[in-house]
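What follows is a short report on a single structure.
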Amino acid sequence: MYTYTEFDKAFVAERNRQFRAQVERRIDGSLTEDEFKPLRLMNGLYLQLHAYMLRVAIPYGTLNSAQMRQLAMIAERWDKGYGHFTTRQNIQFNWPNLANVPDILEALAEVEMHCIQTSGNTIRNVTADHFAGAAADEVADPRSVAELIRQWSTDHPEFQFLPRKFKVGVTGSPNDRAVTAAHDIGLRIVERDGEIGYQVLVGGGLGRTPMIGKVLADFLPEADLLPYIEAVVSVWNLLGRRDNKFKARIKITVHEHGIDDIRARVEKQFAAIKPSFKGVDQQMLADIRAQFAPPEFITASEAPYNQARQHDPVFRSWADTNLSEHRAPGYAIVSISLKAHGATPGDASAQQMRLMADLAERYGHDELRISHEQNVILPHVHKSHVPSVFAALRAAGLGTANIGLISDIIACPGMDYCALATARSIPIAQQIATRFDELKLEHEIGEMKIKISGCINACGHHHVGHIGILGLDRAGVESYQITLGGDHREDARLGDRTGPGFSADEIVPAIERIIHAYLDLRLDASETFLAAYQRLGLAPFKAALYEIEAQAYAAE
Amino acid sequence: MPREFTPQVITANALIEGDVVYFTAQDTWSRALSDADILTDEADAALRLLIAEARHHEVVGVYLTAMKPTPEGPVPVHFREEFRRTGPSNHFHGKQADSATRA
């Protein structure tokens, strides 16, 4: 893992000192809210419906046990004993007191964490594949590149007042788990003829105008990466629309100018700035890469794992859904579900955070990851330790066997917390998970990604959910619109809107009708919902979804 | 005939805690909606809003929001304000918990 240099430490400490003084000036009345707001947003401090919210960056979703324990300490000391992991691999504290925020930032700095650029019109926390450095299918670890971009973008003088926010996601695997197609810049590390390079996507994004990213460069040599993305952001910084915030994101710029025009502008800018990159960036990348060297993997017997699988059906069921293939022999990637049926997706109590930290330290080479799907990953666990890990997780309410299943739902905070929301998301996720648990259909249904957003800004990624749910305010009543067939992976696709929305009372039965239609229509159990949808299209699902209404209408 | 004016209250979030507050007839901020001054005259509401907004050293994000007057006090017209005066539905936190502690 990357460790701060003296420069990093001094930089974060200075920013914290400045913010402490800014908070003092706000509290003593020297600063108005209009003056203070951009300053607090630069430090990840929002005001939500019931309280302030502090968004802490977890760069590329990677944490060690000391950092996780510090988050637990912060949750208990200054919040309400829990934290909420988000779809951008951050953690949010929902109840901080303004006067305490400078102390929280100092506590974060003690473990090399901060909230810088987790808000505002800047380059945000760089996200990456949550299986980075562990996945069997990986070309290269995306975190070194993500860290390089983090360092380059932090306080970058040219990019502190961008037209709008700017998000970068990186995958090092052809199986895209980092939703790169829905980022302002999506980077895919690829290998061609033995050479490592990057496929650069640009102009992806969800929100009110969802777009799938377009290929800007099909194979960018490694050494060109930083000047190239600097050229992209630089072109957009000047070209992007500042007259209308809803048209300011780079996806609109790319859409309005066309990918070829943008490419020509980027290449011109790239040619102009490339000579100023004299290789320091590559030297830094090499230094960073050394810090992401794989841990010293152990060799041990897998017998305890095999025995547990054989004798304990509960363990076997969990292992089947929550383990993924690791690159090292004898190892597994453990996904810890933060989606116990009926729980809030992405919430973890301080006690749970400490337990996950302990397990990472004891069995997981001291590494943890946060996934954009709002779960926690132990990326490197030897199979001989997996039964002990499971037993400890289960005792702490973290042993739910549902990764990738219908109750493993992404849900934004929605109107339970968020000032922008138009409807609630969390209770809908809770009800769907509880309902399908009661029906005992979860494993029968198989792979299913439900994603829920409480407004059109789409923090819950509903456009790329197999089933997407969007909460809206229709004449003063919460209403939920459904999209089907979205996909967040390498061949990303936006879901199709089914038709009129459903009330909060009607949405769970509506989802049930879609699921029953799928179970009736699929060729066999091996055909996933998404595959069945791709084969059949919207029509049969739409018919099932609106069946009751159609029947009622016919009966009139 | 002029359009009927929907009764309103002035609300904001407290500067330090961020908690939802309501402007009272005594020009103070209260955590309880039942203490809020119900404004039934449009011109008066606009004037009261200016007075409340001037208190920027105490609160953040001052605005008027529609309420239905009842014998028990004002009741929110929109569900967003209902959540603001209650707290989140997934955890027993916020005003619902604070009032339970007080009771």
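Naming scheme: A, B, ... for chains in displayed order of the structure tokens; residues 1 onward per chain; ligands 1 onward as shown.
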Residues within 12 Å of Val508 in chain A, please, as a tab-separated table (two decimals) with N, CA and C atoms, in the first residue's frame. Count only C-alpha atoms; anything in the same chain fewer than 2 positions from it doesn't count.
```
chain	number	residue	atom	x	y	z
A	427	PRO	N	-35.32	2.49	2.33
A	427	PRO	CA	-36.41	1.58	2.72
A	427	PRO	C	-36.84	0.66	1.58
A	428	ILE	N	-36.71	1.13	0.33
A	428	ILE	CA	-37.09	0.28	-0.80
A	428	ILE	C	-36.11	-0.90	-0.89
A	429	ALA	N	-34.81	-0.60	-0.72
A	429	ALA	CA	-33.80	-1.67	-0.73
A	429	ALA	C	-34.07	-2.66	0.41
A	430	GLN	N	-34.37	-2.12	1.58
A	430	GLN	CA	-34.63	-2.99	2.74
A	430	GLN	C	-35.82	-3.91	2.48
A	431	GLN	N	-36.88	-3.32	1.89
A	431	GLN	CA	-38.10	-4.12	1.66
A	431	GLN	C	-37.88	-5.19	0.60
A	432	ILE	N	-37.15	-4.85	-0.47
A	432	ILE	CA	-36.91	-5.85	-1.53
A	432	ILE	C	-36.08	-7.00	-0.96
A	433	ALA	N	-35.02	-6.65	-0.22
A	433	ALA	CA	-34.15	-7.70	0.34
A	433	ALA	C	-34.93	-8.59	1.30
A	434	THR	N	-35.74	-7.98	2.15
A	434	THR	CA	-36.51	-8.74	3.13
A	434	THR	C	-37.52	-9.65	2.43
A	435	ARG	N	-38.19	-9.09	1.42
A	435	ARG	CA	-39.22	-9.85	0.72
A	435	ARG	C	-38.65	-11.09	0.03
A	436	PHE	N	-37.54	-10.92	-0.68
A	436	PHE	CA	-36.99	-12.07	-1.41
A	436	PHE	C	-36.32	-13.07	-0.48
A	450	ILE	N	-29.71	-5.09	-8.52
A	450	ILE	CA	-30.71	-4.04	-8.40
A	450	ILE	C	-29.99	-2.80	-7.88
A	469	ILE	N	-33.98	1.28	-10.24
A	469	ILE	CA	-35.14	1.94	-9.65
A	469	ILE	C	-34.77	3.39	-9.37
A	480	TYR	N	-41.71	5.53	-8.06
A	480	TYR	CA	-40.50	4.79	-8.44
A	480	TYR	C	-40.59	4.28	-9.87
A	481	GLN	N	-39.63	4.75	-10.69
A	481	GLN	CA	-39.59	4.39	-12.10
A	481	GLN	C	-38.62	3.22	-12.27
A	482	ILE	N	-38.95	2.29	-13.13
A	482	ILE	CA	-38.12	1.09	-13.30
A	482	ILE	C	-37.41	1.12	-14.66
A	502	PHE	N	-44.22	3.51	-10.01
A	502	PHE	CA	-45.02	2.82	-9.00
A	502	PHE	C	-44.88	3.55	-7.67
A	503	SER	N	-45.92	3.50	-6.86
A	503	SER	CA	-45.84	4.13	-5.54
A	503	SER	C	-44.94	3.29	-4.63
A	504	ALA	N	-44.61	3.84	-3.48
A	504	ALA	CA	-43.76	3.12	-2.53
A	504	ALA	C	-44.39	1.78	-2.13
A	505	ASP	N	-45.71	1.72	-2.06
A	505	ASP	CA	-46.39	0.47	-1.69
A	505	ASP	C	-46.40	-0.53	-2.83
A	506	GLU	N	-46.34	-0.01	-4.05
A	506	GLU	CA	-46.48	-0.90	-5.22
A	506	GLU	C	-45.15	-1.41	-5.76
A	510	ALA	N	-44.14	-4.95	-7.76
A	510	ALA	CA	-43.77	-4.76	-9.17
A	510	ALA	C	-42.47	-5.51	-9.48
A	511	ILE	N	-41.49	-5.40	-8.59
A	511	ILE	CA	-40.22	-6.11	-8.78
A	511	ILE	C	-40.47	-7.62	-8.77
A	512	GLU	N	-41.36	-8.04	-7.89
A	512	GLU	CA	-41.69	-9.47	-7.81
A	512	GLU	C	-42.27	-9.97	-9.13
A	513	ARG	N	-43.11	-9.16	-9.77
A	513	ARG	CA	-43.70	-9.59	-11.05
A	513	ARG	C	-42.61	-9.75	-12.12
A	514	ILE	N	-41.63	-8.83	-12.10
A	514	ILE	CA	-40.54	-8.94	-13.08
A	514	ILE	C	-39.76	-10.23	-12.84
A	515	ILE	N	-39.49	-10.51	-11.57
A	515	ILE	CA	-38.70	-11.69	-11.24
A	515	ILE	C	-39.45	-12.98	-11.60
A	545	LEU	N	-45.06	-6.73	-15.89
A	545	LEU	CA	-45.00	-5.63	-14.92
A	545	LEU	C	-46.32	-4.89	-14.83
```
| message | Show me, as a VMD selection string, the residues of chain A whose atoms get within 6 Å of chain B, using only C-alpha atoms for the distance check. | response | chain A and resid 29 50 to 52 97 to 98 416 476
| field | Sel. of strand (DSSP E or B) residues, range 175-347 of chain A, as a ChimeraX atom specification | value | /A:185-192,195-202,205,211,214-221,323-326,331-336,347
| message | From a backbone DSSP assignment, name each residue in range 307-426 of chain A labelled helix (DSSP H, G or I), as a PyMOL selection string. | response | chain A and resi 307-311+313-322+350-363+383-395+414-416+426
| said: Just to confirm, what's the straight-line distance from CA of Asn64 in chain A to CA of Ser371 in chain A in Å (one decimal)? | reply: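 CA of Ser371 in chain A lies at a distance of 14.5 Å from CA of Asn64 in chain A.
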| query | How far is it from CA of Ser144 in chain A to CA of Tyr2 in chain A, in Å with one decimal? | reply | 8.5 Å
| said: What's around Glu447 in chain A at 8 Å? Count only C-alpha atoms, leave out sequence neighbours fewer than 5 positions away in its own chain, and write the answer as a list in words. | reply: Gly404, Leu405, Ile406, Thr528 and Phe529 of chain A
Contacts of range 115-130 of chain A at 6 Å (only C-alpha atoms; same-chain gap of 5+ positions) as an mmCIF file with C-alpha atoms, in the first residue's frame:
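Dumped to part-v2.cif:
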```
data_model
loop_
_atom_site.group_PDB
_atom_site.id
_atom_site.type_symbol
_atom_site.label_atom_id
_atom_site.label_comp_id
_atom_site.auth_asym_id
_atom_site.auth_seq_id
_atom_site.Cartn_x
_atom_site.Cartn_y
_atom_site.Cartn_z
ATOM 1 C CA LEU A 41 -17.093 21.538 0.049
ATOM 2 C CA MET A 42 -13.382 21.516 -0.853
ATOM 3 C CA ASN A 43 -13.004 19.487 2.356
ATOM 4 C CA GLY A 44 -15.876 17.080 1.831
ATOM 5 C CA VAL A 56 -13.931 10.791 3.602
ATOM 6 C CA ALA A 57 -11.908 9.686 0.583
ATOM 7 C CA PRO A 59 -8.480 6.370 -2.554
ATOM 8 C CA TYR A 60 -9.186 3.541 -5.024
ATOM 9 C CA ALA A 146 -4.904 5.621 -9.547
ATOM 10 C CA GLN A 160 -9.496 23.707 -8.921
ATOM 11 C CA PHE A 161 -12.387 25.537 -10.608
ATOM 12 C CA LEU A 162 -13.574 23.098 -13.246
ATOM 13 C CA ARG A 164 -18.254 20.692 -12.841
ATOM 14 C CA LYS A 165 -16.986 17.651 -10.922
ATOM 15 C CA PHE A 166 -14.724 15.162 -12.710
ATOM 16 C CA LYS A 167 -14.503 11.458 -11.931
ATOM 17 C CA VAL A 168 -11.835 8.978 -12.963
ATOM 18 C CA GLY A 169 -12.145 5.192 -12.639
ATOM 19 C CA VAL A 170 -9.474 2.601 -13.442
ATOM 20 C CA THR A 171 -9.616 -1.123 -14.125
ATOM 21 C CA ARG A 177 -15.703 -4.212 -12.013
ATOM 22 C CA ALA A 178 -14.965 -0.485 -11.742
ATOM 23 C CA ARG A 369 -11.130 -2.753 0.055
ATOM 24 C CA SER A 371 -16.367 -1.834 -3.451
#
```
For Pro174 in chain A, list every protein, DNA or RNA residue within 10 Å, evaluated using only C-alpha atoms, and leave out those in the same chain fewer than 3 positions away; present the list as a PDB file with N, CA, C and O atoms, in the first residue's frame.
```
ATOM      1  N   ASP A 137      -7.882 -12.432 -12.982  1.00  0.00           N
ATOM      2  CA  ASP A 137      -7.994 -12.019 -14.387  1.00  0.00           C
ATOM      3  C   ASP A 137      -7.291 -10.683 -14.674  1.00  0.00           C
ATOM      4  O   ASP A 137      -7.506 -10.076 -15.713  1.00  0.00           O
ATOM      5  N   GLU A 138      -6.446 -10.239 -13.769  1.00  0.00           N
ATOM      6  CA  GLU A 138      -5.900  -8.883 -13.882  1.00  0.00           C
ATOM      7  C   GLU A 138      -4.664  -8.804 -14.787  1.00  0.00           C
ATOM      8  O   GLU A 138      -3.772  -9.624 -14.705  1.00  0.00           O
ATOM      9  N   VAL A 139      -4.616  -7.755 -15.612  1.00  0.00           N
ATOM     10  CA  VAL A 139      -3.442  -7.476 -16.447  1.00  0.00           C
ATOM     11  C   VAL A 139      -2.379  -6.774 -15.595  1.00  0.00           C
ATOM     12  O   VAL A 139      -1.197  -7.107 -15.642  1.00  0.00           O
ATOM     13  N   THR A 171      -9.609   0.334 -14.277  1.00  0.00           N
ATOM     14  CA  THR A 171      -9.616  -1.123 -14.125  1.00  0.00           C
ATOM     15  C   THR A 171      -8.336  -1.695 -14.727  1.00  0.00           C
ATOM     16  O   THR A 171      -7.843  -1.187 -15.737  1.00  0.00           O
ATOM     17  N   ARG A 177     -14.934  -4.304 -13.253  1.00  0.00           N
ATOM     18  CA  ARG A 177     -15.703  -4.212 -12.013  1.00  0.00           C
ATOM     19  C   ARG A 177     -15.732  -2.776 -11.488  1.00  0.00           C
ATOM     20  O   ARG A 177     -16.247  -2.524 -10.411  1.00  0.00           O
ATOM     21  N   ARG A 188      -8.680   1.735 -18.875  1.00  0.00           N
ATOM     22  CA  ARG A 188      -8.601   0.272 -18.845  1.00  0.00           C
ATOM     23  C   ARG A 188      -7.179  -0.118 -19.204  1.00  0.00           C
ATOM     24  O   ARG A 188      -6.716   0.180 -20.314  1.00  0.00           O
ATOM     25  N   ILE A 189      -6.516  -0.768 -18.260  1.00  0.00           N
ATOM     26  CA  ILE A 189      -5.149  -1.209 -18.537  1.00  0.00           C
ATOM     27  C   ILE A 189      -5.231  -2.435 -19.440  1.00  0.00           C
ATOM     28  O   ILE A 189      -5.931  -3.400 -19.132  1.00  0.00           O
ATOM     29  N   VAL A 190      -4.544  -2.351 -20.581  1.00  0.00           N
ATOM     30  CA  VAL A 190      -4.602  -3.449 -21.546  1.00  0.00           C
ATOM     31  C   VAL A 190      -3.182  -3.861 -21.925  1.00  0.00           C
ATOM     32  O   VAL A 190      -2.229  -3.089 -21.778  1.00  0.00           O
ATOM     33  N   GLU A 191      -3.072  -5.081 -22.393  1.00  0.00           N
ATOM     34  CA  GLU A 191      -1.769  -5.577 -22.819  1.00  0.00           C
ATOM     35  C   GLU A 191      -1.876  -5.955 -24.292  1.00  0.00           C
ATOM     36  O   GLU A 191      -2.782  -6.703 -24.677  1.00  0.00           O
ATOM     37  N   ARG A 489     -20.679  -3.375 -16.706  1.00  0.00           N
ATOM     38  CA  ARG A 489     -19.373  -3.974 -16.994  1.00  0.00           C
ATOM     39  C   ARG A 489     -18.742  -3.427 -18.275  1.00  0.00           C
ATOM     40  O   ARG A 489     -19.117  -2.365 -18.744  1.00  0.00           O
ATOM     41  N   GLU A 490     -17.800  -4.183 -18.843  1.00  0.00           N
ATOM     42  CA  GLU A 490     -17.017  -3.678 -19.985  1.00  0.00           C
ATOM     43  C   GLU A 490     -17.889  -3.320 -21.194  1.00  0.00           C
ATOM     44  O   GLU A 490     -17.588  -2.379 -21.914  1.00  0.00           O
TER      45      GLU A 490
END
```
| query | CA of Arg316 in chain A and CA of Leu359 in chain A are how many Å apart? | reply |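 Computed distance, CA of Arg316 in chain A to CA of Leu359 in chain A, equals 19.6 Å.
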| query | Excluding same-chain residues fewer than 4 positions from Glu478 in chain A, what lies within 6 Å of it counting only C-alpha atoms, as a list in words? | reply |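 Selected residues are Ala423, Leu472 and Asp473 of chain A.
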Put those residues in a file: C-alpha atoms, as a PDB file, in the first residue's frame.
```
ATOM      1  CA  ALA A 423     -37.628  10.122  -2.779  1.00  0.00           C
ATOM      2  CA  LEU A 472     -39.068  10.672  -7.966  1.00  0.00           C
ATOM      3  CA  ASP A 473     -41.500  13.160  -6.483  1.00  0.00           C
TER       4      ASP A 473
END
```
| request: Mind checking which residues fall within 10 Å of Ile74 in chain A, counting only C-alpha atoms, ignoring those fewer than 2 positions away in the same chain, and posting them as a list in words? | output: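 Near neighbours after the sequence-gap exclusion: Met68, Arg69, Gln70, Leu71, Ala72, Glu76, Arg77, Trp78, Asp79, Lys80, Gly81, Tyr82, Gly83, Phe93, Pro96, Asp103, Ile104, Leu105, Ala107, Leu108 and Ala350 of chain A.
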| request: Would you please work out which residue, of A:Arg150, A:Arg20, A:Arg263, A:Arg424, is nearest to Ser479 in chain A when using only C-alpha atoms? | output: A:Arg424
